[in-house]
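> Can you keep this structure in mind? I'll have questions shortly.
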Amino acid sequence: MIDGKKVLAIIPARGGSKRLPRKNVLLLAGKPLLVWTIDAAKNSKYIDKIVVSTEDAEIFNIAKENGVDVLKRPYWLATDETETISVVKHVIENIEEFFYYTVLLQPTSPLREYYHIDEAFELLKEKGADAVISVCPLEYPIQWCNILPEDLSMVNFLSEDIKNKRSQDFPIYYRLNGAIYIAKTERLLMENTFFLESNIYAYIMNRENSVDIDDLLDFKFAEFLKNLQLSKNNK
């Protein structure tokens, strides 16, 4: 609860995944991937209710064993084409209580900690915002990116004014990192997105805590960082 207003956390975790099969239940540093996000949500001082949305029996049981509510979603909401906002709305519309704020916490961001969630809510309060979304700095200047033709020619790949610039000469660009999405529930339902048209702000996270797991390389990198983090905490 923040300023007397209740907060619902939704963790979407389906069983299927093409690039990394069963990724939400794979053990990362000794815990199923999903559990790192459950733990972060449980330790947040602002979240009142946590709901895991899944169609998968194993994920259902893991969530229950870790003390959070689970909503069984229909299989038509668990396909590769399913939009996350549809899953979020399914949860909101199928629980008894209405929550003033909704926060989406994807299990593919296991390095996002409880204090990141709390800081995002504190930014929401400070700004009087209706939405806050987490971002992190881009790893490289966006100006160094371009598409390639079929013959792979790099003629005109870079414009003349940036060919000799150093990375530190460019302004910092930010990208969505997928870790935290907060919105006033009423506006979220009305606009069908966390990315509201107004009164929305960015919560900046560092790159280390912004790993978003999509494939095996991401998983291995996240596990390396998590083990490093745990090692530091145990000293």
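Order determines the names: the first chain of the structure tokens is A, the second B, and so forth; residues in each chain are numbered 1 upward, and ligands are numbered 1 upward as they are shown.
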Produce a table with one row for each residue of segment 134-171 of chain A that has an atom at most 12 Å from any atom of segment 95-118 of chain A, each row naming the nearest atom pair and its distance in Å at one decimal; use only C-alpha atoms; arrange rows by chain and rising residue number; format as JSON lines.


```
{"residue": "A:Ser134", "atom": "CA", "partner": "A:His116", "partner_atom": "CA", "distance": 9.1}
{"residue": "A:Val135", "atom": "CA", "partner": "A:His116", "partner_atom": "CA", "distance": 11.4}
{"residue": "A:Cys136", "atom": "CA", "partner": "A:Arg112", "partner_atom": "CA", "distance": 11.9}
```

> Near segment 184-198 of chain A, within 10 Å and counting only C-alpha atoms, which residues show up once chain neighbours fewer than 2 positions away are dropped, as a PDB file with N, CA, C and O atoms, in the first residue's frame?


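Final output, saved to out10.pdb:
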```pdb
ATOM      1  N   VAL A   7      -1.976  -1.999  -3.725  1.00  0.00           N
ATOM      2  CA  VAL A   7      -1.166  -2.340  -4.899  1.00  0.00           C
ATOM      3  C   VAL A   7      -1.264  -3.838  -5.202  1.00  0.00           C
ATOM      4  O   VAL A   7      -1.056  -4.675  -4.325  1.00  0.00           O
ATOM      5  N   LEU A   8      -1.552  -4.139  -6.452  1.00  0.00           N
ATOM      6  CA  LEU A   8      -1.592  -5.512  -6.946  1.00  0.00           C
ATOM      7  C   LEU A   8      -0.361  -5.776  -7.808  1.00  0.00           C
ATOM      8  O   LEU A   8      -0.050  -4.997  -8.709  1.00  0.00           O
ATOM      9  N   THR A  84       0.967  -9.364 -23.350  1.00  0.00           N
ATOM     10  CA  THR A  84       1.025  -9.344 -21.888  1.00  0.00           C
ATOM     11  C   THR A  84      -0.121  -8.546 -21.291  1.00  0.00           C
ATOM     12  O   THR A  84      -0.668  -8.913 -20.243  1.00  0.00           O
ATOM     13  N   ILE A  85      -0.528  -7.481 -21.959  1.00  0.00           N
ATOM     14  CA  ILE A  85      -1.616  -6.655 -21.426  1.00  0.00           C
ATOM     15  C   ILE A  85      -2.903  -7.458 -21.314  1.00  0.00           C
ATOM     16  O   ILE A  85      -3.705  -7.247 -20.392  1.00  0.00           O
ATOM     17  N   SER A  86      -3.108  -8.422 -22.198  1.00  0.00           N
ATOM     18  CA  SER A  86      -4.304  -9.270 -22.127  1.00  0.00           C
ATOM     19  C   SER A  86      -4.270 -10.148 -20.882  1.00  0.00           C
ATOM     20  O   SER A  86      -5.305 -10.393 -20.243  1.00  0.00           O
ATOM     21  N   VAL A  88      -2.621  -9.379 -18.083  1.00  0.00           N
ATOM     22  CA  VAL A  88      -2.809  -8.456 -16.957  1.00  0.00           C
ATOM     23  C   VAL A  88      -4.295  -8.170 -16.749  1.00  0.00           C
ATOM     24  O   VAL A  88      -4.811  -8.242 -15.620  1.00  0.00           O
ATOM     25  N   LYS A  89      -4.998  -7.866 -17.819  1.00  0.00           N
ATOM     26  CA  LYS A  89      -6.424  -7.559 -17.722  1.00  0.00           C
ATOM     27  C   LYS A  89      -7.219  -8.772 -17.249  1.00  0.00           C
ATOM     28  O   LYS A  89      -8.183  -8.641 -16.492  1.00  0.00           O
ATOM     29  N   ILE A  92      -6.829  -8.819 -13.455  1.00  0.00           N
ATOM     30  CA  ILE A  92      -7.586  -7.729 -12.819  1.00  0.00           C
ATOM     31  C   ILE A  92      -9.080  -8.017 -12.830  1.00  0.00           C
ATOM     32  O   ILE A  92      -9.794  -7.775 -11.843  1.00  0.00           O
ATOM     33  N   GLU A  93      -9.556  -8.560 -13.931  1.00  0.00           N
ATOM     34  CA  GLU A  93     -10.998  -8.809 -14.090  1.00  0.00           C
ATOM     35  C   GLU A  93     -11.477 -10.083 -13.407  1.00  0.00           C
ATOM     36  O   GLU A  93     -12.689 -10.317 -13.316  1.00  0.00           O
ATOM     37  N   PHE A  98     -10.583  -4.749  -6.065  1.00  0.00           N
ATOM     38  CA  PHE A  98     -10.002  -3.795  -7.009  1.00  0.00           C
ATOM     39  C   PHE A  98      -8.844  -3.077  -6.335  1.00  0.00           C
ATOM     40  O   PHE A  98      -8.954  -2.610  -5.195  1.00  0.00           O
ATOM     41  N   PHE A  99      -7.716  -3.002  -7.031  1.00  0.00           N
ATOM     42  CA  PHE A  99      -6.512  -2.357  -6.501  1.00  0.00           C
ATOM     43  C   PHE A  99      -6.239  -1.065  -7.257  1.00  0.00           C
ATOM     44  O   PHE A  99      -6.354  -1.017  -8.485  1.00  0.00           O
ATOM     45  N   TYR A 100      -5.835  -0.030  -6.522  1.00  0.00           N
ATOM     46  CA  TYR A 100      -5.644   1.285  -7.126  1.00  0.00           C
ATOM     47  C   TYR A 100      -4.496   1.275  -8.129  1.00  0.00           C
ATOM     48  O   TYR A 100      -4.574   1.886  -9.197  1.00  0.00           O
ATOM     49  N   TYR A 101      -3.412   0.567  -7.767  1.00  0.00           N
ATOM     50  CA  TYR A 101      -2.262   0.451  -8.665  1.00  0.00           C
ATOM     51  C   TYR A 101      -2.029  -1.017  -9.026  1.00  0.00           C
ATOM     52  O   TYR A 101      -2.256  -1.924  -8.218  1.00  0.00           O
ATOM     53  N   THR A 102      -1.527  -1.208 -10.232  1.00  0.00           N
ATOM     54  CA  THR A 102      -1.108  -2.537 -10.684  1.00  0.00           C
ATOM     55  C   THR A 102       0.353  -2.452 -11.106  1.00  0.00           C
ATOM     56  O   THR A 102       0.738  -1.528 -11.827  1.00  0.00           O
ATOM     57  N   VAL A 103       1.150  -3.420 -10.642  1.00  0.00           N
ATOM     58  CA  VAL A 103       2.557  -3.494 -11.057  1.00  0.00           C
ATOM     59  C   VAL A 103       2.780  -4.843 -11.736  1.00  0.00           C
ATOM     60  O   VAL A 103       2.394  -5.884 -11.218  1.00  0.00           O
ATOM     61  N   LEU A 104       3.373  -4.799 -12.902  1.00  0.00           N
ATOM     62  CA  LEU A 104       3.723  -5.992 -13.659  1.00  0.00           C
ATOM     63  C   LEU A 104       5.194  -6.317 -13.404  1.00  0.00           C
ATOM     64  O   LEU A 104       6.067  -5.471 -13.611  1.00  0.00           O
ATOM     65  N   ALA A 129       2.735  10.659 -10.141  1.00  0.00           N
ATOM     66  CA  ALA A 129       2.556  10.048 -11.461  1.00  0.00           C
ATOM     67  C   ALA A 129       1.411   9.047 -11.485  1.00  0.00           C
ATOM     68  O   ALA A 129       0.975   8.535 -10.457  1.00  0.00           O
ATOM     69  N   ASP A 130       0.945   8.760 -12.694  1.00  0.00           N
ATOM     70  CA  ASP A 130      -0.036   7.705 -12.910  1.00  0.00           C
ATOM     71  C   ASP A 130       0.646   6.424 -13.403  1.00  0.00           C
ATOM     72  O   ASP A 130       0.026   5.360 -13.407  1.00  0.00           O
ATOM     73  N   ALA A 131       1.897   6.534 -13.828  1.00  0.00           N
ATOM     74  CA  ALA A 131       2.630   5.352 -14.288  1.00  0.00           C
ATOM     75  C   ALA A 131       4.127   5.575 -14.168  1.00  0.00           C
ATOM     76  O   ALA A 131       4.616   6.702 -14.320  1.00  0.00           O
ATOM     77  N   VAL A 132       4.839   4.487 -13.892  1.00  0.00           N
ATOM     78  CA  VAL A 132       6.306   4.481 -13.877  1.00  0.00           C
ATOM     79  C   VAL A 132       6.771   3.192 -14.544  1.00  0.00           C
ATOM     80  O   VAL A 132       6.240   2.115 -14.253  1.00  0.00           O
ATOM     81  N   ILE A 133       7.726   3.312 -15.437  1.00  0.00           N
ATOM     82  CA  ILE A 133       8.268   2.149 -16.135  1.00  0.00           C
ATOM     83  C   ILE A 133       9.787   2.164 -16.007  1.00  0.00           C
ATOM     84  O   ILE A 133      10.418   3.211 -16.150  1.00  0.00           O
ATOM     85  N   TYR A 181       6.768  -2.402 -14.367  1.00  0.00           N
ATOM     86  CA  TYR A 181       5.746  -1.580 -15.014  1.00  0.00           C
ATOM     87  C   TYR A 181       4.673  -1.292 -13.975  1.00  0.00           C
ATOM     88  O   TYR A 181       4.016  -2.206 -13.486  1.00  0.00           O
ATOM     89  N   ILE A 182       4.497  -0.026 -13.646  1.00  0.00           N
ATOM     90  CA  ILE A 182       3.474   0.372 -12.673  1.00  0.00           C
ATOM     91  C   ILE A 182       2.496   1.318 -13.352  1.00  0.00           C
ATOM     92  O   ILE A 182       2.911   2.221 -14.091  1.00  0.00           O
ATOM     93  N   ILE A 200       3.539  10.022 -16.972  1.00  0.00           N
ATOM     94  CA  ILE A 200       4.302   8.786 -16.877  1.00  0.00           C
ATOM     95  C   ILE A 200       5.793   9.119 -16.806  1.00  0.00           C
ATOM     96  O   ILE A 200       6.267  10.020 -17.514  1.00  0.00           O
ATOM     97  N   TYR A 201       6.521   8.389 -15.941  1.00  0.00           N
ATOM     98  CA  TYR A 201       7.936   8.700 -15.726  1.00  0.00           C
ATOM     99  C   TYR A 201       8.789   7.425 -15.771  1.00  0.00           C
ATOM    100  O   TYR A 201       8.288   6.316 -15.599  1.00  0.00           O
TER     101      TYR A 201
END
```

> Which is closest to Gly128 of chain A among A:Ile213, A:Asn199, A:Asn146, A:Ala29, if we use only C-alpha atoms?

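Looking only at the distances to Gly128 of chain A, the closest residue turns out to be A:Asn199.
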
> Residues near segment 225-227 of chain A, anyone? I mean within 10 Å using only C-alpha atoms, not counting same-chain ones fewer than 5 positions away, as a list in words.

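Within the cut-off, the hits are Leu28, Ala29, Gly30, Pro110, Leu111, Glu208, Asn209, Val211, Phe219, Lys220, Lys232 and Asn233 of chain A.
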
> Run DSSP on the backbone and tell me which residues of segment 38-194 of chain A come out as strand (DSSP E or B); list them as a ChimeraX atom specification.

/A:49-54,69-72,101-104,131-137,174-184

> Write a file of the selected residues as a compact mmCIF listing (two decimals), in the first residue's frame, keeping N, CA and C atoms.


```
# COMPACT_ATOMS: atom_id res chain seq x y z
N LYS A 49 -0.90 -7.54 -2.68
CA LYS A 49 -1.32 -8.85 -3.17
C LYS A 49 -0.49 -9.23 -4.39
N ILE A 50 -0.07 -10.48 -4.43
CA ILE A 50 0.72 -11.00 -5.55
C ILE A 50 -0.06 -12.12 -6.22
N VAL A 51 -0.21 -12.03 -7.54
CA VAL A 51 -0.89 -13.07 -8.30
C VAL A 51 0.00 -13.54 -9.44
N VAL A 52 0.28 -14.83 -9.46
CA VAL A 52 0.98 -15.44 -10.59
C VAL A 52 -0.08 -15.93 -11.57
N SER A 53 0.06 -15.57 -12.83
CA SER A 53 -0.86 -16.02 -13.87
C SER A 53 -0.17 -17.07 -14.72
N THR A 54 -0.77 -18.27 -14.80
CA THR A 54 -0.14 -19.35 -15.57
C THR A 54 -1.17 -20.36 -16.04
N ASP A 69 -0.74 -16.12 -4.45
CA ASP A 69 -1.95 -16.55 -5.15
C ASP A 69 -1.64 -16.88 -6.60
N VAL A 70 -2.42 -17.79 -7.16
CA VAL A 70 -2.24 -18.18 -8.55
C VAL A 70 -3.59 -18.13 -9.25
N LEU A 71 -3.61 -17.58 -10.44
CA LEU A 71 -4.81 -17.58 -11.27
C LEU A 71 -4.52 -18.40 -12.51
N LYS A 72 -5.28 -19.46 -12.69
CA LYS A 72 -5.11 -20.32 -13.87
C LYS A 72 -5.65 -19.56 -15.08
N TYR A 101 -3.41 0.57 -7.77
CA TYR A 101 -2.26 0.45 -8.66
C TYR A 101 -2.03 -1.02 -9.03
N THR A 102 -1.53 -1.21 -10.23
CA THR A 102 -1.11 -2.54 -10.68
C THR A 102 0.35 -2.45 -11.11
N VAL A 103 1.15 -3.42 -10.64
CA VAL A 103 2.56 -3.49 -11.06
C VAL A 103 2.78 -4.84 -11.74
N LEU A 104 3.37 -4.80 -12.90
CA LEU A 104 3.72 -5.99 -13.66
C LEU A 104 5.19 -6.32 -13.40
N ALA A 131 1.90 6.53 -13.83
CA ALA A 131 2.63 5.35 -14.29
C ALA A 131 4.13 5.57 -14.17
N VAL A 132 4.84 4.49 -13.89
CA VAL A 132 6.31 4.48 -13.88
C VAL A 132 6.77 3.19 -14.54
N ILE A 133 7.73 3.31 -15.44
CA ILE A 133 8.27 2.15 -16.13
C ILE A 133 9.79 2.16 -16.01
N SER A 134 10.38 1.01 -15.75
CA SER A 134 11.83 0.93 -15.57
C SER A 134 12.57 0.92 -16.90
N VAL A 135 13.71 1.58 -16.90
CA VAL A 135 14.58 1.65 -18.08
C VAL A 135 16.03 1.48 -17.61
N CYS A 136 16.92 1.30 -18.58
CA CYS A 136 18.35 1.30 -18.27
C CYS A 136 19.08 1.93 -19.46
N PRO A 137 20.33 2.37 -19.24
CA PRO A 137 21.07 2.98 -20.34
C PRO A 137 21.37 1.96 -21.43
N TYR A 174 18.22 5.59 -23.44
CA TYR A 174 17.71 4.59 -22.52
C TYR A 174 16.77 3.64 -23.25
N ARG A 175 16.67 2.41 -22.73
CA ARG A 175 15.74 1.43 -23.30
C ARG A 175 14.88 0.84 -22.19
N LEU A 176 13.72 0.36 -22.55
CA LEU A 176 12.91 -0.39 -21.60
C LEU A 176 13.68 -1.65 -21.21
N ASN A 177 13.68 -1.98 -19.92
CA ASN A 177 14.42 -3.19 -19.51
C ASN A 177 13.50 -4.34 -19.10
N GLY A 178 12.20 -4.10 -19.09
CA GLY A 178 11.24 -5.18 -18.82
C GLY A 178 11.07 -5.56 -17.37
N ALA A 179 11.70 -4.84 -16.44
CA ALA A 179 11.71 -5.27 -15.04
C ALA A 179 10.49 -4.81 -14.24
N ILE A 180 10.06 -3.56 -14.43
CA ILE A 180 8.99 -2.99 -13.60
C ILE A 180 8.06 -2.13 -14.46
N TYR A 181 6.77 -2.40 -14.37
CA TYR A 181 5.75 -1.58 -15.01
C TYR A 181 4.67 -1.29 -13.98
N ILE A 182 4.50 -0.03 -13.65
CA ILE A 182 3.47 0.37 -12.67
C ILE A 182 2.50 1.32 -13.35
N ALA A 183 1.21 1.14 -13.06
CA ALA A 183 0.22 2.10 -13.58
C ALA A 183 -1.00 2.13 -12.67
N LYS A 184 -1.65 3.28 -12.67
CA LYS A 184 -2.94 3.39 -12.00
C LYS A 184 -3.89 2.44 -12.74
```

> Nearest to Ile62 of chain A: which of A:Phe170, A:Trp36, A:Tyr75, A:Trp144 is it, counting only C-alpha atoms?

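With only C-alpha atoms as the atom set, the closest residue is A:Trp36.
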
> For atom CA of Asn164 of chain A and atom CA of Asp151 of chain A, determine how far apart the two atoms are, in Å to one decimal place.

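It comes out at 24.6 Å.
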
> Let's see if you can do this: from backbone DSSP, list all helix (DSSP H, G or I) residues in segment 35-121 of chain A, as a ChimeraX atom specification.

/A:35-43,57-65,75-77,84-93,114-121

> Using only C-alpha atoms for the distances, tell me which of A:Leu27, A:Ile2, A:Ile172, A:Ile59 is nearest to Ser44 of chain A.

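Closest residue, counting only C-alpha atoms: A:Ile2.
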
> In terms of the shortest atom-to-atom distance over only C-alpha atoms, which of A:Asn61, A:Asn94, A:Ser210, A:Ser17 is closest to Pro74 of chain A?

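Closest to Pro74 of chain A, using only C-alpha atoms: A:Asn94.
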
> What does the distance from atom CA of Ile147 of chain A to atom CA of Arg207 of chain A come to in Å, to one decimal?

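Straight-line distance from atom CA of Ile147 of chain A to atom CA of Arg207 of chain A works out to 24.6 Å.
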
> Quote the spacing between atom CA of Tyr46 of chain A and atom CA of Glu126 of chain A in Å to one decimal place.

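These atoms are spaced 14.5 Å apart.
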